[in-house]
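Student: Quick one: the structure is below, questions incoming.
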Amino acid sequence: MSLLDNEAQLFFKTYKRLTLEVDRGDGCYLYTKDGKKYLDMFSGLAVNALGYNHPGIIAAIETQIRKYIHLSNFFVQGPQVELAERLLRLAKLQRIFFTNSGTEAIEGTIKLVRKWGKAKNKTTIFGMSNGFSGRTMGSLSIMDKEKYREDYGPFLENCGHVEFNNVGDLKAKVDDVTAAVFLEFVQGEGGVVPVSAEFVTALQSLREKHGFLVIADEIQSGIFRTGTLFAFQHYKFTPDIVTIAKPIGGGLPLGAILGNEKVAEVWTHGVHGTTFGGNPVACAAGIAVIDALTTNRMAGRINESSKYLFAQLDSLKNRFPIIKEVRGFGFMVGVELTVESGPLVDAMLEDGVLVNSTAGNVVRILPPLISGKKEIDILLKTFESTLTKNVQFV
Ligand SMILES: Cc1ncc(COP(=O)(O)O)c(C=O)c1O
């Protein structure tokens, strides 16, 4: 029996798997058990920022597991403090709480916001339409998509949704009892859709007027994915809280909530916690990720390669009318098609390049941040040849 068949009998059926069985990864490439090589331009859904088998991450993990793998929150832990110092210094924020995952960072933030708003009578929390915050109940409460919410209600009270990029809707909904607005500055699962500058300007002035908190969900877009540390840095805006996860643990489960001075004193001993959040091995890997990305001019290199990638995709758009729009920043790229993107993504996989289909008609490209011109050229060549070969797409 194949691994896939075996799994199908054992697991709840939550995941639709690809048919390839991976043996190992190295750099930007995956190697399957049947000896095939794939260029991974999806990076384990934005997790593997430094690709596979990165020597810095491996060395950091090996060193830490020989010291201790877990202690418990009764102990102060070097790797946590060192990673916190780096993240808060880079983000120019004041306090951090480590979690295991993205959705747990959102859940914790909802609690932080509720506690912050309690004495101020600020009780309402808004997410954005078409947004994605995770799979737990708090996250689902600030999301609007039926696809994720169906049959899971009732959800948290006093949670609502603002239509993404609709200034009128934002103005109509936020007021003095608003505690917080959650926002992905580039919606990932929603189809790589950047927020508009106009919406951000309105959010800024409404925050000044009503005094609510703004949370930048940088779980997918953060840690240099868009060519800057955070996606919100493409706008003239500073959020009060930032949530991160995905790439920060170098492939190990790790997330974090980072907050400014407004929320720095909200949490006191015992009011929130987690057994595994901030695991020292994951934090040691996180230090390696941050160090690798902040040295070697990584941001500059990502931006250079990204400029080339966007220019080439724009020229494909001029040649193939099936491409409706190319959008995003840095290495967070969405190519919206006039048709469903699934078949094109499948065809590219056949030709050895892994990308993703999201929001129905968007090809999502999330290359490892270490990708160079060689990898980008393979991606572009395969994109072009797939479009050319498969008449049903054009
Ligand atoms: C923007 C955003 N927020 C939250 C999450 C949830 O993160 P996790 O899957 O680690 O719970 C994701 C996951 O894709 C995400 O993209």
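Chain lettering (A, B, ...) mirrors the order of the structure tokens, residue numbering begins at 1 for each chain separately, and ligand numbering begins at 1 in order of display.
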Considering only C-alpha atoms, return as a ChimeraX atom specification whatever protein or nucleic-acid residues lie within 12 Å of A:Glu85, sequence-local ones (same chain, fewer than 3 positions apart) excluded.

Tutor: /A:78-82,88-96,258,283,286-287,290

Student: Write a file of the just-selected residues containing N, CA and C atoms, as an mmCIF file, in the first residue's frame.

Tutor:
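What landed in selection_15.cif:
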data_model
loop_
_atom_site.group_PDB
_atom_site.id
_atom_site.type_symbol
_atom_site.label_atom_id
_atom_site.label_comp_id
_atom_site.auth_asym_id
_atom_site.auth_seq_id
_atom_site.Cartn_x
_atom_site.Cartn_y
_atom_site.Cartn_z
ATOM 1 N N GLY A 78 17.579 31.536 27.192
ATOM 2 C CA GLY A 78 18.463 32.344 26.347
ATOM 3 C C GLY A 78 17.985 32.534 24.919
ATOM 4 N N PRO A 79 17.650 31.442 24.199
ATOM 5 C CA PRO A 79 17.259 31.613 22.792
ATOM 6 C C PRO A 79 16.014 32.498 22.622
ATOM 7 N N GLN A 80 15.071 32.404 23.589
ATOM 8 C CA GLN A 80 13.869 33.258 23.511
ATOM 9 C C GLN A 80 14.253 34.730 23.630
ATOM 10 N N VAL A 81 15.110 35.013 24.613
ATOM 11 C CA VAL A 81 15.468 36.419 24.876
ATOM 12 C C VAL A 81 16.276 36.976 23.706
ATOM 13 N N GLU A 82 17.191 36.163 23.189
ATOM 14 C CA GLU A 82 18.022 36.636 22.063
ATOM 15 C C GLU A 82 17.177 36.908 20.820
ATOM 16 N N LEU A 88 12.354 42.709 18.284
ATOM 17 C CA LEU A 88 11.832 43.993 18.772
ATOM 18 C C LEU A 88 12.694 45.157 18.277
ATOM 19 N N ARG A 89 13.999 44.921 18.187
ATOM 20 C CA ARG A 89 14.880 45.981 17.680
ATOM 21 C C ARG A 89 14.542 46.271 16.215
ATOM 22 N N LEU A 90 14.400 45.221 15.426
ATOM 23 C CA LEU A 90 14.105 45.414 14.004
ATOM 24 C C LEU A 90 12.720 46.036 13.812
ATOM 25 N N ALA A 91 11.753 45.557 14.606
ATOM 26 C CA ALA A 91 10.361 46.010 14.419
ATOM 27 C C ALA A 91 10.096 47.346 15.110
ATOM 28 N N LYS A 92 11.011 47.781 15.940
ATOM 29 C CA LYS A 92 10.835 49.001 16.749
ATOM 30 C C LYS A 92 9.567 48.900 17.612
ATOM 31 N N LEU A 93 9.395 47.745 18.230
ATOM 32 C CA LEU A 93 8.257 47.532 19.135
ATOM 33 C C LEU A 93 8.793 47.151 20.515
ATOM 34 N N GLN A 94 7.878 47.069 21.495
ATOM 35 C CA GLN A 94 8.338 47.003 22.888
ATOM 36 C C GLN A 94 8.278 45.651 23.584
ATOM 37 N N ARG A 95 7.222 44.879 23.263
ATOM 38 C CA ARG A 95 7.020 43.634 24.018
ATOM 39 C C ARG A 95 6.700 42.500 23.058
ATOM 40 N N ILE A 96 7.039 41.279 23.498
ATOM 41 C CA ILE A 96 6.779 40.116 22.650
ATOM 42 C C ILE A 96 6.173 38.990 23.470
ATOM 43 N N LEU A 258 3.878 40.937 18.726
ATOM 44 C CA LEU A 258 4.761 42.045 19.084
ATOM 45 C C LEU A 258 3.901 43.285 19.289
ATOM 46 N N CYS A 283 13.305 28.819 18.694
ATOM 47 C CA CYS A 283 13.861 30.178 18.817
ATOM 48 C C CYS A 283 15.308 30.226 18.331
ATOM 49 N N GLY A 286 15.130 30.409 14.811
ATOM 50 C CA GLY A 286 14.651 31.757 14.462
ATOM 51 C C GLY A 286 15.784 32.775 14.439
ATOM 52 N N ILE A 287 16.703 32.638 15.394
ATOM 53 C CA ILE A 287 17.864 33.547 15.427
ATOM 54 C C ILE A 287 18.683 33.355 14.143
ATOM 55 N N ILE A 290 16.835 35.076 11.248
ATOM 56 C CA ILE A 290 16.975 36.543 11.273
ATOM 57 C C ILE A 290 18.403 36.950 10.924
#

Student: Quick one: contact table of chain A to ligand 1, 10 Å max, nearest atom pair and distance in Å to one decimal per residue, counting only C-alpha atoms and all ligand atoms, chain and number order, as JSON lines?

Tutor:
{"residue": "A:Leu45", "atom": "CA", "partner": "ligand 1", "partner_atom_place_in_ligand_line": "14 (O)", "distance": 7.2}
{"residue": "A:Ala46", "atom": "CA", "partner": "ligand 1", "partner_atom_place_in_ligand_line": "14 (O)", "distance": 8.5}
{"residue": "A:Val47", "atom": "CA", "partner": "ligand 1", "partner_atom_place_in_ligand_line": "10 (O)", "distance": 9.4}
{"residue": "A:Thr99", "atom": "CA", "partner": "ligand 1", "partner_atom_place_in_ligand_line": "10 (O)", "distance": 9.6}
{"residue": "A:Asn100", "atom": "CA", "partner": "ligand 1", "partner_atom_place_in_ligand_line": "10 (O)", "distance": 7.7}
{"residue": "A:Ser101", "atom": "CA", "partner": "ligand 1", "partner_atom_place_in_ligand_line": "10 (O)", "distance": 4.0}
{"residue": "A:Gly102", "atom": "CA", "partner": "ligand 1", "partner_atom_place_in_ligand_line": "7 (O)", "distance": 3.3}
{"residue": "A:Thr103", "atom": "CA", "partner": "ligand 1", "partner_atom_place_in_ligand_line": "11 (O)", "distance": 3.6}
{"residue": "A:Glu104", "atom": "CA", "partner": "ligand 1", "partner_atom_place_in_ligand_line": "11 (O)", "distance": 6.3}
{"residue": "A:Ala105", "atom": "CA", "partner": "ligand 1", "partner_atom_place_in_ligand_line": "11 (O)", "distance": 7.9}
{"residue": "A:Ile106", "atom": "CA", "partner": "ligand 1", "partner_atom_place_in_ligand_line": "4 (C)", "distance": 7.1}
{"residue": "A:Glu107", "atom": "CA", "partner": "ligand 1", "partner_atom_place_in_ligand_line": "11 (O)", "distance": 9.7}
{"residue": "A:Gly131", "atom": "CA", "partner": "ligand 1", "partner_atom_place_in_ligand_line": "1 (C)", "distance": 7.4}
{"residue": "A:Phe132", "atom": "CA", "partner": "ligand 1", "partner_atom_place_in_ligand_line": "2 (C)", "distance": 5.3}
{"residue": "A:Ser133", "atom": "CA", "partner": "ligand 1", "partner_atom_place_in_ligand_line": "4 (C)", "distance": 3.7}
{"residue": "A:Gly134", "atom": "CA", "partner": "ligand 1", "partner_atom_place_in_ligand_line": "6 (C)", "distance": 3.7}
{"residue": "A:Arg135", "atom": "CA", "partner": "ligand 1", "partner_atom_place_in_ligand_line": "11 (O)", "distance": 6.4}
{"residue": "A:Thr136", "atom": "CA", "partner": "ligand 1", "partner_atom_place_in_ligand_line": "11 (O)", "distance": 7.8}
{"residue": "A:Ser139", "atom": "CA", "partner": "ligand 1", "partner_atom_place_in_ligand_line": "4 (C)", "distance": 7.9}
{"residue": "A:Leu183", "atom": "CA", "partner": "ligand 1", "partner_atom_place_in_ligand_line": "1 (C)", "distance": 8.6}
{"residue": "A:Glu184", "atom": "CA", "partner": "ligand 1", "partner_atom_place_in_ligand_line": "1 (C)", "distance": 6.0}
{"residue": "A:Phe185", "atom": "CA", "partner": "ligand 1", "partner_atom_place_in_ligand_line": "1 (C)", "distance": 9.1}
{"residue": "A:Val186", "atom": "CA", "partner": "ligand 1", "partner_atom_place_in_ligand_line": "1 (C)", "distance": 8.3}
{"residue": "A:Gln187", "atom": "CA", "partner": "ligand 1", "partner_atom_place_in_ligand_line": "1 (C)", "distance": 6.6}
{"residue": "A:Gly188", "atom": "CA", "partner": "ligand 1", "partner_atom_place_in_ligand_line": "16 (O)", "distance": 5.6}
{"residue": "A:Glu189", "atom": "CA", "partner": "ligand 1", "partner_atom_place_in_ligand_line": "16 (O)", "distance": 6.0}
{"residue": "A:Gly190", "atom": "CA", "partner": "ligand 1", "partner_atom_place_in_ligand_line": "16 (O)", "distance": 9.0}
{"residue": "A:Ala216", "atom": "CA", "partner": "ligand 1", "partner_atom_place_in_ligand_line": "1 (C)", "distance": 9.1}
{"residue": "A:Asp217", "atom": "CA", "partner": "ligand 1", "partner_atom_place_in_ligand_line": "1 (C)", "distance": 5.6}
{"residue": "A:Glu218", "atom": "CA", "partner": "ligand 1", "partner_atom_place_in_ligand_line": "1 (C)", "distance": 6.1}
{"residue": "A:Ile219", "atom": "CA", "partner": "ligand 1", "partner_atom_place_in_ligand_line": "2 (C)", "distance": 4.8}
{"residue": "A:Gln220", "atom": "CA", "partner": "ligand 1", "partner_atom_place_in_ligand_line": "16 (O)", "distance": 4.5}
{"residue": "A:Ser221", "atom": "CA", "partner": "ligand 1", "partner_atom_place_in_ligand_line": "1 (C)", "distance": 7.1}
{"residue": "A:Gly222", "atom": "CA", "partner": "ligand 1", "partner_atom_place_in_ligand_line": "1 (C)", "distance": 9.2}
{"residue": "A:Thr243", "atom": "CA", "partner": "ligand 1", "partner_atom_place_in_ligand_line": "3 (N)", "distance": 8.1}
{"residue": "A:Ile244", "atom": "CA", "partner": "ligand 1", "partner_atom_place_in_ligand_line": "3 (N)", "distance": 8.1}
{"residue": "A:Ala245", "atom": "CA", "partner": "ligand 1", "partner_atom_place_in_ligand_line": "10 (O)", "distance": 6.1}
{"residue": "A:Lys246", "atom": "CA", "partner": "ligand 1", "partner_atom_place_in_ligand_line": "10 (O)", "distance": 6.0}
{"residue": "A:Pro247", "atom": "CA", "partner": "ligand 1", "partner_atom_place_in_ligand_line": "10 (O)", "distance": 9.8}
{"residue": "A:Pro253", "atom": "CA", "partner": "ligand 1", "partner_atom_place_in_ligand_line": "10 (O)", "distance": 7.9}
{"residue": "A:Leu254", "atom": "CA", "partner": "ligand 1", "partner_atom_place_in_ligand_line": "10 (O)", "distance": 8.1}
{"residue": "A:Gly255", "atom": "CA", "partner": "ligand 1", "partner_atom_place_in_ligand_line": "10 (O)", "distance": 7.4}

Student: Enumerate as a ChimeraX atom specification all residues of stretch 12-180 of chain A assigned to strand (DSSP E or B) by DSSP on the backbone, naming them with the chain letters and numbers the document uses.

Tutor: /A:22-27,29-32,37-40,52,95-99,124-128,159-162,178-180

Student: From the options A:Lys209, A:Met128, A:Val353, A:Asp377, which residue's atoms come nearest to A:Phe310, counting only C-alpha atoms?

Tutor: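 Among the listed residues, the smallest separation from A:Phe310 belongs to A:Asp377.
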
Student: Between A:Met1, A:Val192, A:Val181, A:Val271, which has the minimum distance to A:Arg364 (counting only C-alpha atoms)?

Tutor: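 Of the candidates, the smallest distance to A:Arg364 is held by A:Val192.
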
Student: Applying 8 Å and only C-alpha atoms, which residues near A:Thr338 remain after dropping the ones on its own chain fewer than 5 positions away? List them as JSON, numbers by chain.

Tutor: {"A": [322, 323, 324, 361]}

Student: So which residues touch A:Met348 within 7 Å, counting only C-alpha atoms, skipping near sequence neighbours fewer than 5 positions away, as a short mmCIF file (atom, residue, chain, number, x, y, z; two decimals) with C-alpha atoms, in the first residue's frame?

Tutor:
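Output file out.cif is given in full below:
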data_model
loop_
_atom_site.label_atom_id
_atom_site.label_comp_id
_atom_site.auth_asym_id
_atom_site.auth_seq_id
_atom_site.Cartn_x
_atom_site.Cartn_y
_atom_site.Cartn_z
CA VAL A 353 7.97 23.66 -10.70
CA LEU A 354 5.85 23.95 -7.58
CA THR A 382 8.16 26.90 -17.08
CA PHE A 383 5.35 29.44 -16.66
CA THR A 386 3.08 25.83 -19.75
#

Student: Can you work out which one of A:Tyr15, A:Tyr152, A:Phe331, A:Phe199 has the shortest atom-to-atom distance to A:Val167, counting only C-alpha atoms?

Tutor: A:Phe199

Student: Need to verify the contact set: A:Arg301, 12 Å, only C-alpha atoms, exclusion of same-chain residues closer than 2 positions in sequence. Can you return it as an MDAnalysis selection string?

Tutor: chainID A and resid 224:228 293:299 303:308 330:331 369:373

Student: Output C-alpha atoms of each residue in that selection to a file, as an mmCIF file, in the first residue's frame.

Tutor:
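As a result, part18.cif now contains:
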data_model
loop_
_atom_site.group_PDB
_atom_site.id
_atom_site.type_symbol
_atom_site.label_atom_id
_atom_site.label_comp_id
_atom_site.auth_asym_id
_atom_site.auth_seq_id
_atom_site.Cartn_x
_atom_site.Cartn_y
_atom_site.Cartn_z
ATOM 1 C CA PHE A 224 11.305 40.072 4.468
ATOM 2 C CA ARG A 225 8.810 38.123 2.319
ATOM 3 C CA THR A 226 7.798 41.361 0.571
ATOM 4 C CA GLY A 227 11.338 42.783 0.430
ATOM 5 C CA THR A 228 10.929 44.731 3.684
ATOM 6 C CA LEU A 293 18.313 37.575 6.413
ATOM 7 C CA THR A 294 19.761 40.682 8.028
ATOM 8 C CA THR A 295 23.318 40.029 6.864
ATOM 9 C CA ASN A 296 24.404 39.550 3.229
ATOM 10 C CA ARG A 297 22.159 42.393 1.998
ATOM 11 C CA MET A 298 19.276 39.923 1.689
ATOM 12 C CA ALA A 299 16.569 42.594 1.444
ATOM 13 C CA ASN A 303 14.197 43.427 -4.191
ATOM 14 C CA GLU A 304 16.557 43.131 -7.173
ATOM 15 C CA SER A 305 15.364 39.613 -8.058
ATOM 16 C CA SER A 306 11.771 40.650 -7.465
ATOM 17 C CA LYS A 307 12.039 43.608 -9.845
ATOM 18 C CA TYR A 308 13.233 41.201 -12.527
ATOM 19 C CA GLY A 330 9.040 41.330 -3.226
ATOM 20 C CA PHE A 331 8.685 37.549 -3.249
ATOM 21 C CA LEU A 369 14.029 34.270 -0.129
ATOM 22 C CA ILE A 370 17.380 32.761 -1.142
ATOM 23 C CA SER A 371 16.189 32.295 -4.766
ATOM 24 C CA GLY A 372 18.477 33.873 -7.344
ATOM 25 C CA LYS A 373 18.165 34.652 -11.055
#

Student: If we count only C-alpha atoms, what is near A:Asp351 at a cut-off of 12 Å, once residues fewer than 5 positions away on the same chain are taken out, given as a list in words?

Tutor: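 Listing them by chain and then by number gives Lys36, Lys37, Tyr38, Leu39, Asp40, Leu344, Val345, Asp346, Ile378, Leu379, Lys381, Thr382, Phe383, Glu384, Ser385, Thr386, Leu387 and Lys389 of chain A.
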
Student: Those residues you just picked out, can you put them in a file as a PDB file, in the first residue's frame with C-alpha atoms?

Tutor:
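Writing done, so here's out19.pdb:
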ATOM      1  CA  LYS A  36      12.516  13.534  -9.590  1.00  0.00           C
ATOM      2  CA  LYS A  37      13.686  17.071  -8.831  1.00  0.00           C
ATOM      3  CA  TYR A  38      11.252  19.960  -8.295  1.00  0.00           C
ATOM      4  CA  LEU A  39      11.914  23.676  -7.989  1.00  0.00           C
ATOM      5  CA  ASP A  40       9.889  24.768  -4.954  1.00  0.00           C
ATOM      6  CA  LEU A 344      -2.057  25.645 -14.771  1.00  0.00           C
ATOM      7  CA  VAL A 345      -0.493  24.988 -11.370  1.00  0.00           C
ATOM      8  CA  ASP A 346      -0.900  21.208 -11.948  1.00  0.00           C
ATOM      9  CA  ILE A 378      13.424  28.348 -14.406  1.00  0.00           C
ATOM     10  CA  LEU A 379      10.118  29.515 -12.910  1.00  0.00           C
ATOM     11  CA  LYS A 381      10.512  29.558 -18.465  1.00  0.00           C
ATOM     12  CA  THR A 382       8.165  26.905 -17.082  1.00  0.00           C
ATOM     13  CA  PHE A 383       5.348  29.441 -16.655  1.00  0.00           C
ATOM     14  CA  GLU A 384       5.766  30.535 -20.263  1.00  0.00           C
ATOM     15  CA  SER A 385       6.116  27.035 -21.723  1.00  0.00           C
ATOM     16  CA  THR A 386       3.078  25.829 -19.753  1.00  0.00           C
ATOM     17  CA  LEU A 387       0.997  28.700 -21.100  1.00  0.00           C
ATOM     18  CA  LYS A 389       1.841  24.270 -24.556  1.00  0.00           C
TER      19      LYS A 389
END

Student: What is the atom CA of A:Gly127-atom CA of A:Ile215 distance in Å, reported with one decimal?

Tutor: 9.5 Å

Student: Could you work out how far atom CA of A:Thr178 lies from atom CA of A:Lys122, giving the answer in Å with one decimal?

Tutor: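 Rounded to one decimal, the two atoms are 5.2 Å apart.
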
Student: Per DSSP on the backbone, filter stretch 337-386 of chain A down to the residues in alpha helix (DSSP H) and report them as number ranges by chain.

Tutor: A: 342-350, 373-386

Student: Show which residues sit within 12 Å of A:Leu4, as a PDB file with C-alpha atoms, in the first residue's frame. Count only C-alpha atoms, and ignore same-chain residues fewer than 5 positions away.

Tutor:
ATOM      1  CA  GLN A   9      -7.311   5.344   5.923  1.00  0.00           C
ATOM      2  CA  LEU A  10      -5.746   6.842   9.040  1.00  0.00           C
ATOM      3  CA  PHE A  11      -6.242  10.605   8.955  1.00  0.00           C
ATOM      4  CA  LYS A  13      -9.661  14.028   5.569  1.00  0.00           C
ATOM      5  CA  TYR A  15      -5.855  17.839   3.462  1.00  0.00           C
ATOM      6  CA  LYS A  16      -5.892  17.220  -0.263  1.00  0.00           C
ATOM      7  CA  ARG A  17      -2.360  15.971  -0.863  1.00  0.00           C
ATOM      8  CA  LEU A  18      -0.221  16.287  -3.955  1.00  0.00           C
ATOM      9  CA  THR A  19       0.680  12.863  -5.318  1.00  0.00           C
ATOM     10  CA  LEU A  20       4.447  13.251  -5.079  1.00  0.00           C
ATOM     11  CA  GLU A  21       6.308  11.748  -2.140  1.00  0.00           C
ATOM     12  CA  VAL A  22       9.222  13.887  -1.008  1.00  0.00           C
TER      13      VAL A  22
END

Student: Measuring atom to atom with only C-alpha atoms, identify which of A:Met143, A:Leu366, A:Ala347, A:Leu380 is nearest to A:Leu313.

Tutor: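 The shortest atom-to-atom distance to A:Leu313 comes from A:Leu380.
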
Student: Choose the residue, out of A:Pro239, A:Pro343, A:Gly160, A:Gly277, that has the smallest atom-to-atom separation from A:Thr123; count only C-alpha atoms.

Tutor: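 Once distances to A:Thr123 are computed over only C-alpha atoms, the minimum belongs to A:Gly160.
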